[in-house]
>>> print(open('my_file-v7.txt').read())   # compact mmCIF, C-alpha atoms and all ligand atoms
# COMPACT_ATOMS: atom_id res chain seq x y z
CA VAL A 1050 -14.49 -33.73 -87.50
CA ALA A 1051 -15.17 -34.41 -83.85
CA ALA A 1052 -12.82 -32.73 -81.38
CA PRO A 1053 -10.79 -35.11 -79.19
CA ARG A 1054 -12.53 -35.82 -75.90
CA LEU A 1055 -11.30 -33.93 -72.85
CA ASP A 1056 -10.32 -36.47 -70.25
CA PRO A 1057 -11.34 -35.19 -66.80
CA ASN A 1058 -9.33 -37.88 -65.07
CA THR A 1059 -5.92 -36.62 -66.01
CA MET A 1060 -6.08 -32.86 -65.87
CA HIS A 1061 -8.45 -30.00 -65.90
CA SER A 1062 -8.74 -27.02 -68.10
CA TRP A 1063 -10.88 -24.02 -68.50
CA LEU A 1064 -11.25 -21.83 -71.45
CA LEU A 1065 -11.60 -18.10 -71.41
CA GLN A 1066 -12.62 -16.45 -74.62
CA ASP A 1067 -9.04 -15.59 -75.40
CA VAL A 1068 -6.96 -17.79 -73.14
CA ALA A 1069 -7.17 -21.58 -72.96
CA VAL A 1070 -5.57 -22.94 -69.80
CA VAL A 1071 -4.54 -26.57 -69.49
CA HIS A 1072 -3.58 -27.86 -66.06
CA ALA A 1073 -0.74 -30.36 -66.28
CA PRO A 1074 -0.25 -31.74 -62.75
CA LEU A 1075 2.77 -33.86 -63.55
CA ASN A 1076 5.77 -34.60 -61.35
CA ILE A 1077 7.41 -37.79 -62.63
CA GLY A 1078 9.87 -35.94 -64.89
CA GLN A 1079 11.88 -35.08 -61.78
CA PRO A 1080 12.41 -36.54 -58.32
CA HIS A 1081 10.29 -34.32 -56.02
CA SER A 1082 6.59 -34.33 -55.28
CA GLY A 1083 4.95 -30.90 -55.34
CA THR A 1084 5.07 -29.75 -58.97
CA GLU A 1085 1.71 -31.48 -59.49
CA LEU A 1086 0.08 -29.07 -57.01
CA THR A 1087 1.07 -25.76 -58.60
CA ALA A 1088 -1.69 -25.23 -61.16
CA ASP A 1089 -4.30 -25.88 -58.49
CA LEU A 1090 -2.56 -23.63 -55.96
CA LEU A 1091 -2.46 -20.84 -58.51
CA GLU A 1092 -6.22 -21.11 -58.87
CA ARG A 1093 -6.68 -20.97 -55.09
CA TYR A 1094 -4.22 -18.05 -54.89
CA GLY A 1095 -6.70 -16.06 -57.02
CA THR A 1096 -4.44 -15.44 -60.01
CA TRP A 1097 -7.05 -16.44 -62.56
CA ASP A 1098 -9.76 -14.31 -60.93
CA ARG A 1099 -7.42 -11.34 -61.20
CA LEU A 1100 -6.45 -12.29 -64.74
CA ARG A 1101 -10.09 -12.57 -65.80
CA GLY A 1102 -10.58 -9.08 -64.34
CA ALA A 1103 -7.59 -7.74 -66.24
CA LEU A 1104 -8.81 -9.31 -69.49
CA THR A 1105 -12.30 -7.90 -69.00
CA GLU A 1106 -11.00 -4.40 -68.43
CA GLY A 1107 -9.33 -4.52 -71.82
CA HIS A 1108 -11.08 -5.35 -75.06
CA LYS A 1109 -11.26 -9.01 -74.26
CA VAL A 1110 -14.10 -10.66 -72.33
CA ALA A 1111 -13.27 -13.68 -70.25
CA ARG A 1112 -15.72 -16.54 -70.58
CA ASP A 1113 -15.61 -19.90 -68.83
CA LEU A 1114 -16.40 -22.75 -71.16
CA THR A 1115 -15.40 -25.74 -69.12
CA TRP A 1116 -14.12 -26.24 -65.65
CA GLN A 1117 -13.13 -29.71 -64.60
CA THR A 1118 -11.25 -30.44 -61.44
CA ASN A 1119 -9.65 -33.76 -60.88
CA PRO A 1120 -5.88 -33.43 -60.93
CA GLN A 1121 -4.19 -36.69 -60.12
CA LYS A 1122 -1.53 -36.89 -57.50
CA ILE A 1123 1.08 -39.04 -59.11
CA LEU A 1124 3.60 -39.27 -56.32
CA PRO A 1125 2.57 -39.26 -52.66
CA SER A 1126 2.55 -35.64 -51.52
CA LYS A 1127 2.19 -36.23 -47.79
CA ARG A 1128 5.51 -35.61 -46.22
CA ARG A 1129 6.93 -34.43 -42.94
CA PRO A 1130 9.86 -32.01 -42.97
CA LEU A 1131 12.24 -34.37 -41.15
CA ARG A 1132 11.21 -37.38 -43.17
CA ASP A 1133 11.56 -35.27 -46.26
CA GLN A 1134 15.09 -34.25 -45.33
CA LEU A 1135 16.01 -37.88 -44.80
CA ALA A 1136 14.40 -38.85 -48.08
CA GLN A 1137 16.32 -36.15 -49.89
CA SER A 1138 19.57 -37.23 -48.31
CA LEU A 1139 18.85 -40.77 -49.41
CA GLN A 1140 17.96 -39.53 -52.86
CA TRP A 1141 21.22 -37.63 -53.06
CA LEU A 1142 23.13 -40.76 -52.05
CA LEU A 1143 21.30 -42.79 -54.68
CA GLN A 1144 22.07 -40.21 -57.34
CA GLN A 1145 25.77 -40.48 -56.58
CA SER A 1146 25.84 -44.07 -57.79
CA PRO A 1147 24.99 -45.18 -61.31
CA PRO A 1148 21.20 -45.29 -61.30
CA SER A 1149 20.91 -47.88 -64.04
CA TRP A 1150 19.82 -50.57 -61.60
CA ARG A 1151 16.87 -48.37 -60.61
CA LEU A 1152 15.79 -47.68 -64.20
CA ARG A 1153 14.45 -51.22 -64.77
CA GLY A 1154 15.48 -51.12 -68.40
CA GLN A 1155 13.89 -47.73 -69.10
CA PRO A 1156 15.99 -45.02 -70.82
CA PHE A 1157 14.97 -42.49 -68.14
CA PHE A 1158 12.89 -42.60 -64.97
CA HIS A 1159 9.16 -43.28 -65.44
CA ALA A 1160 9.62 -43.45 -69.23
CA TYR A 1161 6.57 -45.60 -69.93
CA GLU A 1162 4.32 -43.71 -67.52
CA LEU A 1163 5.50 -40.40 -69.01
CA ALA A 1164 4.76 -41.68 -72.52
CA ARG A 1165 1.14 -42.34 -71.59
CA ARG A 1166 0.56 -39.17 -69.57
CA LEU A 1167 2.29 -36.85 -72.03
CA GLN A 1168 0.27 -38.32 -74.90
CA GLU A 1169 -2.95 -37.53 -73.00
CA LEU A 1170 -1.68 -34.03 -72.27
CA CYS A 1171 -0.70 -33.56 -75.90
CA GLU A 1172 -4.26 -34.37 -76.99
CA GLN A 1173 -5.66 -31.91 -74.41
CA ILE A 1174 -3.41 -29.17 -75.72
CA ARG A 1175 -4.31 -29.99 -79.31
CA THR A 1176 -7.96 -29.53 -78.37
CA ALA A 1177 -7.22 -26.24 -76.62
CA ALA A 1178 -5.28 -24.99 -79.66
CA GLN A 1179 -8.33 -25.60 -81.86
CA THR A 1180 -10.22 -22.92 -79.91
CA GLU A 1181 -7.88 -20.34 -81.48
CA SER A 1182 -7.03 -19.01 -78.03
CA ILE A 1183 -3.66 -18.35 -76.52
CA VAL A 1184 -2.88 -21.71 -74.94
CA VAL A 1185 -1.36 -21.70 -71.45
CA THR A 1186 -0.02 -24.98 -70.06
CA LEU A 1187 0.48 -24.90 -66.31
CA GLY A 1188 2.89 -27.55 -65.08
CA GLY A 1189 3.95 -29.69 -63.68
CA ASP A 1190 7.60 -30.28 -64.34
CA HIS A 1191 9.30 -29.34 -67.63
CA SER A 1192 8.52 -32.67 -69.27
CA VAL A 1193 5.08 -31.17 -70.09
CA ALA A 1194 6.77 -29.01 -72.76
CA VAL A 1195 7.28 -32.14 -74.84
CA ALA A 1196 3.49 -32.50 -74.99
CA SER A 1197 2.65 -28.82 -75.49
CA ILE A 1198 5.29 -28.12 -78.13
CA ASN A 1199 4.56 -31.38 -79.96
CA ALA A 1200 0.87 -30.44 -80.23
CA LEU A 1201 1.36 -26.74 -80.94
CA SER A 1202 4.18 -27.19 -83.47
CA GLN A 1203 1.83 -29.30 -85.60
CA GLN A 1204 -0.63 -26.40 -85.95
CA PRO A 1205 -0.55 -24.33 -89.18
CA GLY A 1206 2.34 -21.87 -89.58
CA ARG A 1207 5.96 -21.89 -88.49
CA MET A 1208 6.47 -21.97 -84.73
CA GLY A 1209 9.38 -20.49 -82.82
CA VAL A 1210 10.20 -21.26 -79.19
CA LEU A 1211 11.60 -19.08 -76.44
CA TRP A 1212 12.99 -21.51 -73.85
CA VAL A 1213 13.47 -19.57 -70.59
CA ASP A 1214 15.46 -21.72 -68.17
CA ALA A 1215 18.50 -21.78 -65.87
CA HIS A 1216 19.41 -25.12 -67.44
CA GLY A 1217 19.91 -26.36 -70.96
CA ASP A 1218 17.43 -29.25 -70.69
CA PHE A 1219 19.61 -30.61 -73.50
CA ASN A 1220 20.63 -33.94 -72.06
CA THR A 1221 19.96 -37.29 -73.70
CA PRO A 1222 19.20 -40.54 -71.87
CA VAL A 1223 22.91 -41.32 -72.34
CA THR A 1224 24.42 -38.01 -71.20
CA SER A 1225 21.96 -37.27 -68.38
CA PRO A 1226 23.61 -37.67 -64.96
CA SER A 1227 20.26 -38.01 -63.16
CA LYS A 1228 18.16 -39.84 -65.79
CA ASN A 1229 15.29 -37.49 -64.95
CA PHE A 1230 13.35 -36.53 -68.06
CA HIS A 1231 12.96 -32.85 -67.12
CA GLY A 1232 16.62 -32.41 -68.11
CA MET A 1233 15.97 -33.72 -71.64
CA PRO A 1234 12.87 -32.10 -73.21
CA LEU A 1235 14.69 -29.53 -75.36
CA ALA A 1236 17.07 -32.21 -76.66
CA ALA A 1237 14.08 -34.41 -77.53
CA LEU A 1238 12.33 -31.54 -79.33
CA CYS A 1239 15.53 -30.89 -81.34
CA ARG A 1240 15.83 -34.64 -82.11
CA LEU A 1241 19.25 -34.82 -80.48
CA PHE A 1242 17.94 -38.25 -79.56
CA ASP A 1243 14.91 -40.00 -81.03
CA LEU A 1244 12.27 -39.94 -78.30
CA SER A 1245 9.71 -41.42 -80.69
CA GLN A 1246 11.68 -44.70 -80.54
CA VAL A 1247 11.08 -45.00 -76.79
CA PRO A 1248 8.15 -47.41 -76.26
CA GLY A 1249 4.90 -45.43 -75.98
CA PHE A 1250 6.32 -42.25 -77.55
CA GLY A 1251 5.39 -43.05 -81.16
CA TRP A 1252 3.02 -40.04 -81.10
CA PHE A 1253 5.98 -37.66 -80.61
CA GLN A 1254 6.51 -35.93 -83.99
CA PRO A 1255 7.37 -32.27 -83.31
CA ASN A 1256 7.47 -29.94 -86.30
CA LEU A 1257 10.18 -27.62 -85.03
CA SER A 1258 13.64 -26.56 -86.20
CA PRO A 1259 16.39 -25.98 -83.60
CA ARG A 1260 17.21 -22.75 -85.50
CA ASP A 1261 13.78 -21.46 -84.50
CA ILE A 1262 14.62 -21.75 -80.80
CA VAL A 1263 16.07 -19.06 -78.52
CA HIS A 1264 17.26 -20.02 -75.04
CA ILE A 1265 17.29 -17.32 -72.34
CA GLY A 1266 18.40 -17.36 -68.69
CA SER A 1267 21.13 -20.00 -68.68
CA ARG A 1268 23.66 -20.26 -65.88
CA ALA A 1269 23.86 -23.98 -65.11
CA PHE A 1270 24.66 -25.93 -68.27
CA ASP A 1271 25.78 -29.53 -67.91
CA THR A 1272 29.01 -30.60 -69.63
CA GLY A 1273 28.74 -30.25 -73.39
CA GLU A 1274 25.20 -28.89 -73.39
CA ARG A 1275 26.01 -25.39 -74.60
CA GLU A 1276 28.26 -26.69 -77.40
CA ALA A 1277 25.58 -29.16 -78.56
CA MET A 1278 22.90 -26.46 -78.52
CA GLU A 1279 25.02 -23.97 -80.48
CA ALA A 1280 25.99 -26.66 -82.98
CA MET A 1281 22.30 -27.19 -83.73
CA GLY A 1282 21.69 -23.47 -84.20
CA ILE A 1283 19.89 -22.56 -80.99
CA GLN A 1284 20.47 -18.89 -80.07
CA ILE A 1285 21.60 -18.60 -76.43
CA HIS A 1286 21.34 -15.60 -74.08
CA SER A 1287 22.64 -16.36 -70.58
CA ALA A 1288 21.31 -14.80 -67.38
CA GLU A 1289 24.58 -12.82 -67.35
CA ASP A 1290 23.75 -11.47 -70.85
CA VAL A 1291 20.36 -10.32 -69.54
CA ARG A 1292 22.04 -8.62 -66.57
CA GLN A 1293 24.63 -6.84 -68.73
CA LYS A 1294 22.53 -5.84 -71.75
CA GLY A 1295 19.11 -5.67 -70.17
CA ALA A 1296 16.09 -7.79 -71.00
CA GLU A 1297 14.84 -5.30 -73.64
CA ILE A 1298 18.02 -5.63 -75.73
CA VAL A 1299 18.15 -9.40 -75.36
CA MET A 1300 14.53 -9.70 -76.45
CA ALA A 1301 15.12 -7.38 -79.40
CA GLN A 1302 17.94 -9.68 -80.54
CA ALA A 1303 15.84 -12.79 -79.96
CA LEU A 1304 12.84 -11.45 -81.87
CA ASP A 1305 15.06 -10.15 -84.71
CA HIS A 1306 16.46 -13.66 -85.05
CA LEU A 1307 13.01 -15.27 -85.01
CA GLU A 1308 11.71 -12.66 -87.45
CA ALA A 1309 14.58 -13.49 -89.84
CA GLN A 1310 13.72 -17.17 -89.49
CA GLY A 1311 10.19 -16.43 -90.70
CA ILE A 1312 8.38 -17.36 -87.51
CA ASP A 1313 4.58 -17.04 -87.65
CA ARG A 1314 3.88 -17.68 -83.98
CA LEU A 1315 5.85 -17.92 -80.78
CA HIS A 1316 5.69 -20.35 -77.87
CA ILE A 1317 7.33 -19.45 -74.54
CA SER A 1318 8.36 -22.34 -72.31
CA PHE A 1319 9.04 -20.63 -68.99
CA ASP A 1320 10.83 -22.66 -66.32
CA VAL A 1321 10.56 -20.69 -63.07
CA ASP A 1322 14.13 -21.69 -62.17
CA ALA A 1323 15.20 -19.12 -64.78
CA LEU A 1324 14.26 -16.61 -62.11
CA ASP A 1325 16.74 -15.85 -59.37
CA ASP A 1326 16.45 -18.26 -56.43
CA THR A 1327 15.50 -15.36 -54.17
CA VAL A 1328 12.68 -14.36 -56.54
CA ALA A 1329 11.21 -17.84 -56.99
CA PRO A 1330 12.53 -20.16 -54.25
CA GLY A 1331 9.68 -22.60 -54.83
CA THR A 1332 11.36 -24.94 -57.31
CA GLY A 1333 13.34 -28.18 -57.15
CA THR A 1334 16.44 -26.85 -58.92
CA PRO A 1335 16.97 -23.23 -57.76
CA GLU A 1336 20.02 -21.35 -59.07
CA PRO A 1337 21.45 -18.03 -57.91
CA GLY A 1338 22.20 -15.26 -60.38
CA GLY A 1339 18.93 -15.51 -62.28
CA LEU A 1340 16.35 -13.19 -63.80
CA THR A 1341 14.37 -10.59 -61.89
CA ILE A 1342 10.59 -10.38 -62.04
CA HIS A 1343 11.01 -7.27 -64.17
CA ASP A 1344 13.21 -9.23 -66.60
CA ALA A 1345 10.56 -11.95 -66.83
CA GLN A 1346 7.80 -9.40 -67.41
CA THR A 1347 9.88 -7.68 -70.08
CA LEU A 1348 10.46 -10.99 -71.90
CA CYS A 1349 6.77 -11.85 -71.89
CA ALA A 1350 5.48 -8.35 -72.66
CA SER A 1351 7.95 -7.96 -75.58
CA ALA A 1352 6.79 -11.28 -77.01
CA ARG A 1353 3.14 -10.27 -76.67
CA GLN A 1354 3.74 -6.83 -78.20
CA TRP A 1355 5.49 -8.55 -81.12
CA GLY A 1356 1.99 -9.84 -81.89
CA ARG A 1357 2.82 -13.48 -82.47
CA LEU A 1358 2.74 -14.94 -78.96
CA ALA A 1359 0.49 -17.98 -79.37
CA SER A 1360 1.20 -20.15 -76.35
CA LEU A 1361 3.00 -20.38 -73.04
CA ASP A 1362 4.15 -23.04 -70.56
CA VAL A 1363 4.88 -22.20 -66.94
CA VAL A 1364 6.67 -25.12 -65.33
CA GLU A 1365 8.78 -26.47 -62.45
CA ALA A 1366 7.22 -24.41 -59.66
CA ASN A 1367 7.09 -26.51 -56.48
CA LEU A 1368 5.51 -24.71 -53.54
CA LEU A 1369 6.49 -27.49 -51.13
CA PHE A 1370 9.99 -26.00 -51.22
CA GLU A 1371 8.52 -22.79 -49.81
CA ASP A 1372 6.18 -24.46 -47.34
CA PRO A 1373 6.24 -28.25 -46.75
CA ASP A 1374 2.98 -27.90 -44.78
CA LEU A 1375 1.10 -27.11 -47.98
CA ALA A 1376 1.02 -30.86 -48.54
CA HIS A 1377 -1.18 -31.16 -45.43
CA GLY A 1378 -3.64 -28.53 -46.55
CA SER A 1379 -2.17 -25.51 -44.77
CA GLU A 1380 -2.49 -22.43 -46.92
CA ALA A 1381 -1.23 -19.86 -44.44
CA THR A 1382 1.75 -18.90 -46.59
CA LEU A 1383 -0.09 -19.04 -49.91
CA VAL A 1384 -0.92 -15.33 -49.75
CA VAL A 1385 2.74 -14.35 -49.41
CA SER A 1386 4.28 -16.92 -51.76
CA PRO A 1387 7.00 -15.22 -53.83
CA THR A 1388 6.88 -17.99 -56.44
CA LEU A 1389 3.13 -17.70 -57.02
CA LEU A 1390 3.53 -13.92 -57.19
CA ALA A 1391 6.25 -14.35 -59.83
CA ILE A 1392 4.06 -16.69 -61.90
CA GLU A 1393 1.18 -14.23 -61.72
CA ALA A 1394 3.48 -11.45 -62.93
CA ILE A 1395 4.58 -13.63 -65.87
CA LEU A 1396 1.00 -14.49 -66.84
CA MET A 1397 -0.17 -10.88 -66.53
CA ALA A 1398 2.69 -9.63 -68.73
CA ALA A 1399 2.13 -12.36 -71.33
CA LEU A 1400 -1.64 -12.17 -71.51
CA THR A 1401 -2.82 -8.64 -70.70
CA ASP A 1402 -2.06 -5.11 -71.77
CA GLY A 1403 -2.30 -3.80 -68.22
CA GLU A 1404 0.43 -3.26 -65.70
CA ALA A 1405 1.15 -6.42 -63.73
MN MN B 1 13.65 -26.72 -67.48
>>> encode(input="my_file-v7.txt", output="structure tokens")
Amino acid sequence: VAAPRLDPNTMHSWLLQDVAVVHAPLNIGQPHSGTELTADLLERYGTWDRLRGALTEGHKVARDLTWQTNPQKILPSKRRPLRDQLAQSLQWLLQQSPPSWRLRGQPFFHAYELARRLQELCEQIRTAAQTESIVVTLGGDHSVAVASINALSQQPGRMGVLWVDAHGDFNTPVTSPSKNFHGMPLAALCRLFDLSQVPGFGWFQPNLSPRDIVHIGSRAFDTGEREAMEAMGIQIHSAEDVRQKGAEIVMAQALDHLEAQGIDRLHISFDVDALDDTVAPGTGTPEPGGLTIHDAQTLCASARQWGRLASLDVVEANLLFEDPDLAHGSEATLVVSPTLLAIEAILMAALTDGEA
């Protein structure tokens, strides 16, 4: 059986011997440009060079198989700070009124474009999963989890998901105040609404039970989200729970639950807004009172030490919120970016045995 073709026009990926990385430069699941730049910026920041080094020092040898670079910019990323402020003010005003007139008949913003792009991404991730590596999907906004979890949940064995996020992402096209898809992926994966009925999403057939999902880091649920999640059997640990009990205890409870469910392999979908807004300010929806870097490392390292960590998304990082000049090619602040540092710490903890 021939493997699906990698499409160099939509995203790029490279494969290490043990880690398959898929770049998912997507930003149309939310209203800000910048999330499409993150995977590329992480490469330029040197994270993957350091990760290859860390893998080589252990018993794993990193090996490049493919390296394609052609991430598409989906929204215009040139912006001036003042113009950007005005645009955001305008956006805020628009969001205060019912946005239905801007949806042009779609159930959420960019629905048909998302259907096409996420299907392509899903096929990329399916290909990466066939290499029997740990699959890392670098977003992009959180809509990419619909593609990664759809593909990965269809692999052999029972998959559990650790959804690390300040938000529930449990809105439907009806309940969503913003009609941005990045607030809906977990609800779609739990079939709270039938995404496969949206034109272009016929490929969406996740093989995942809500009872095999643990949500960690919450502190900004929308109305009714928590109740809907609990009713479907999702285990929830808020950011406050992590602060009070400690990340080790919370992870022990999460893994006990997943163990009892009979999970064969675990996927972590890590939204960087789960981190405290001082730790990772580079995101479109920052929230105070979030996880520390040490919490995040503990979550990922516990999952890896459990032995069943199979895949990971890192999503929603938007470095333009740290430095708008990045859009014009300035990289002066790249070396001191707290958000990139946080992502590197997450990847190191999830993928290597060494200290991050
Ligand atoms: Mn999210």
>>> axis_aligned_box(input="my_file-v7.txt", around="segment 1309-1315 of chain A", padding_each_side="6 Å", output="lines of an AutoDock Vina configuration file")
center_x = 9.2
center_y = -15.7
center_z = -85.7
size_x = 22.7
size_y = 16.4
size_z = 21.9
>>> residues_near_ligand(input="my_file-v7.txt", ligand="ligand MN 1 (chain B)", cutoff="6 Å", atoms="all atoms listed in the file", output="PDB file with C-alpha atoms, in the coordinates of the input")
ATOM      1  CA  HIS A1191       9.300 -29.340 -67.630  1.00  0.00           C
ATOM      2  CA  ASP A1214      15.460 -21.720 -68.170  1.00  0.00           C
ATOM      3  CA  HIS A1216      19.410 -25.120 -67.440  1.00  0.00           C
ATOM      4  CA  ASP A1218      17.430 -29.250 -70.690  1.00  0.00           C
ATOM      5  CA  ASP A1320      10.830 -22.660 -66.320  1.00  0.00           C
TER       6      ASP A1320
END
>>> residues_near_point(input="my_file-v7.txt", point="(-0.1, -24.1, -68.3)", cutoff="10 Å", atoms="only C-alpha atoms", output="list in words")
Ser1062, Ala1069, Val1070, Val1071, His1072, Ala1073, Pro1074, Thr1087, Ala1088, Ile1174, Val1184, Val1185, Thr1186, Leu1187, Gly1188, Gly1189, Val1193, Ala1194, Ser1197, Ser1318, Phe1319, Ser1360, Leu1361, Asp1362, Val1363, Val1364 and Leu1396 of chain A
>>> atom_distance(input="my_file-v7.txt", atom1="atom CA of Val1068 of chain A", atom2="atom CA of Ala1237 of chain A")
27.2 Å
>>> residues_around(input="my_file-v7.txt", residues="segment 1252-1263 of chain A", least_positions_apart="6", cutoff="10 Å", atoms="only C-alpha atoms", output="ChimeraX atom specification")
/A:1164-1165,1167-1168,1171,1195-1204,1207-1213,1235-1241,1243-1246,1278-1286,1300,1302-1304,1306-1312,1315-1317
>>> closest_residue(input="my_file-v7.txt", among="A:Gly1206, A:Arg1275, A:Glu1289, A:Ile1392", to="Arg1357 of chain A", atoms="only C-alpha atoms")
A:Gly1206
>>> atom_distance(input="my_file-v7.txt", atom1="atom CA of Gly1095 of chain A", atom2="atom CA of Gly1339 of chain A")
26.2 Å
>>> closest_residue(input="my_file-v7.txt", among="A:Trp1355, A:Ala1350, A:Ala1160, A:Leu1086", to="Phe1250 of chain A", atoms="only C-alpha atoms")
A:Ala1160
>>> closest_residue(input="my_file-v7.txt", among="A:Ile1342, A:Leu1358, A:Ala1296, A:Ala1323", to="Arg1268 of chain A", atoms="all atoms listed in the file")
A:Ala1323
>>> closest_residue(input="my_file-v7.txt", among="A:Ala1103, A:Val1321, A:Leu1090, A:Val1299", to="Leu1383 of chain A", atoms="all atoms listed in the file")
A:Leu1090
>>> closest_residue(input="my_file-v7.txt", among="A:Thr1096, A:Ser1351, A:Gln1155, A:Thr1332", to="Glu1393 of chain A", atoms="only C-alpha atoms")
A:Thr1096
>>> closest_residue(input="my_file-v7.txt", among="A:His1231, A:Arg1353, A:His1081, A:Lys1294", to="Leu1163 of chain A", atoms="only C-alpha atoms")
A:His1231
>>> atom_distance(input="my_file-v7.txt", atom1="atom CA of Ala1376 of chain A", atom2="atom CA of Gly1232 of chain A")
25.1 Å
>>> residues_around(input="my_file-v7.txt", residues="Ile1077 of chain A", least_positions_apart="2", cutoff="9 Å", atoms="only C-alpha atoms", output="PDB file with C-alpha atoms, keeping the file's coordinate frame")
ATOM      1  CA  LEU A1075       2.770 -33.860 -63.550  1.00  0.00           C
ATOM      2  CA  GLN A1079      11.880 -35.080 -61.780  1.00  0.00           C
ATOM      3  CA  PRO A1080      12.410 -36.540 -58.320  1.00  0.00           C
ATOM      4  CA  HIS A1081      10.290 -34.320 -56.020  1.00  0.00           C
ATOM      5  CA  SER A1082       6.590 -34.330 -55.280  1.00  0.00           C
ATOM      6  CA  ILE A1123       1.080 -39.040 -59.110  1.00  0.00           C
ATOM      7  CA  LEU A1124       3.600 -39.270 -56.320  1.00  0.00           C
ATOM      8  CA  PHE A1158      12.890 -42.600 -64.970  1.00  0.00           C
ATOM      9  CA  HIS A1159       9.160 -43.280 -65.440  1.00  0.00           C
ATOM     10  CA  ALA A1160       9.620 -43.450 -69.230  1.00  0.00           C
ATOM     11  CA  GLU A1162       4.320 -43.710 -67.520  1.00  0.00           C
ATOM     12  CA  LEU A1163       5.500 -40.400 -69.010  1.00  0.00           C
ATOM     13  CA  GLY A1189       3.950 -29.690 -63.680  1.00  0.00           C
ATOM     14  CA  ASP A1190       7.600 -30.280 -64.340  1.00  0.00           C
ATOM     15  CA  SER A1192       8.520 -32.670 -69.270  1.00  0.00           C
ATOM     16  CA  ASN A1229      15.290 -37.490 -64.950  1.00  0.00           C
ATOM     17  CA  PHE A1230      13.350 -36.530 -68.060  1.00  0.00           C
ATOM     18  CA  HIS A1231      12.960 -32.850 -67.120  1.00  0.00           C
TER      19      HIS A1231
END
>>> build_atoms(input="my_file-v7.txt", residues="segment 1272-1286 of chain A", atoms="N, CA and C atoms", output="short mmCIF file (atom, residue, chain, number, x, y, z; two decimals), keeping the file's coordinate frame")
data_model
loop_
_atom_site.label_atom_id
_atom_site.label_comp_id
_atom_site.auth_asym_id
_atom_site.auth_seq_id
_atom_site.Cartn_x
_atom_site.Cartn_y
_atom_site.Cartn_z
N THR A 1272 27.86 -30.48 -68.72
CA THR A 1272 29.01 -30.60 -69.63
C THR A 1272 28.55 -30.86 -71.06
N GLY A 1273 29.03 -30.02 -71.98
CA GLY A 1273 28.74 -30.25 -73.39
C GLY A 1273 27.41 -29.73 -73.89
N GLU A 1274 26.54 -29.32 -72.97
CA GLU A 1274 25.20 -28.89 -73.39
C GLU A 1274 25.25 -27.66 -74.29
N ARG A 1275 25.99 -26.63 -73.84
CA ARG A 1275 26.01 -25.39 -74.60
C ARG A 1275 26.55 -25.63 -76.01
N GLU A 1276 27.64 -26.41 -76.11
CA GLU A 1276 28.26 -26.69 -77.40
C GLU A 1276 27.26 -27.42 -78.32
N ALA A 1277 26.55 -28.39 -77.76
CA ALA A 1277 25.58 -29.16 -78.56
C ALA A 1277 24.45 -28.26 -79.03
N MET A 1278 24.00 -27.36 -78.16
CA MET A 1278 22.90 -26.46 -78.52
C MET A 1278 23.34 -25.50 -79.63
N GLU A 1279 24.53 -24.92 -79.47
CA GLU A 1279 25.02 -23.97 -80.48
C GLU A 1279 25.26 -24.68 -81.81
N ALA A 1280 25.75 -25.91 -81.75
CA ALA A 1280 25.99 -26.66 -82.98
C ALA A 1280 24.70 -26.88 -83.76
N MET A 1281 23.59 -26.97 -83.05
CA MET A 1281 22.30 -27.19 -83.73
C MET A 1281 21.63 -25.88 -84.12
N GLY A 1282 22.23 -24.75 -83.74
CA GLY A 1282 21.69 -23.47 -84.20
C GLY A 1282 20.76 -22.76 -83.23
N ILE A 1283 20.71 -23.24 -82.00
CA ILE A 1283 19.89 -22.56 -80.99
C ILE A 1283 20.61 -21.27 -80.57
N GLN A 1284 19.88 -20.15 -80.55
CA GLN A 1284 20.47 -18.89 -80.07
C GLN A 1284 20.40 -18.88 -78.54
N ILE A 1285 21.52 -18.52 -77.89
CA ILE A 1285 21.60 -18.60 -76.43
C ILE A 1285 21.90 -17.23 -75.84
N HIS A 1286 21.08 -16.81 -74.87
CA HIS A 1286 21.34 -15.60 -74.08
C HIS A 1286 21.37 -16.01 -72.61
#
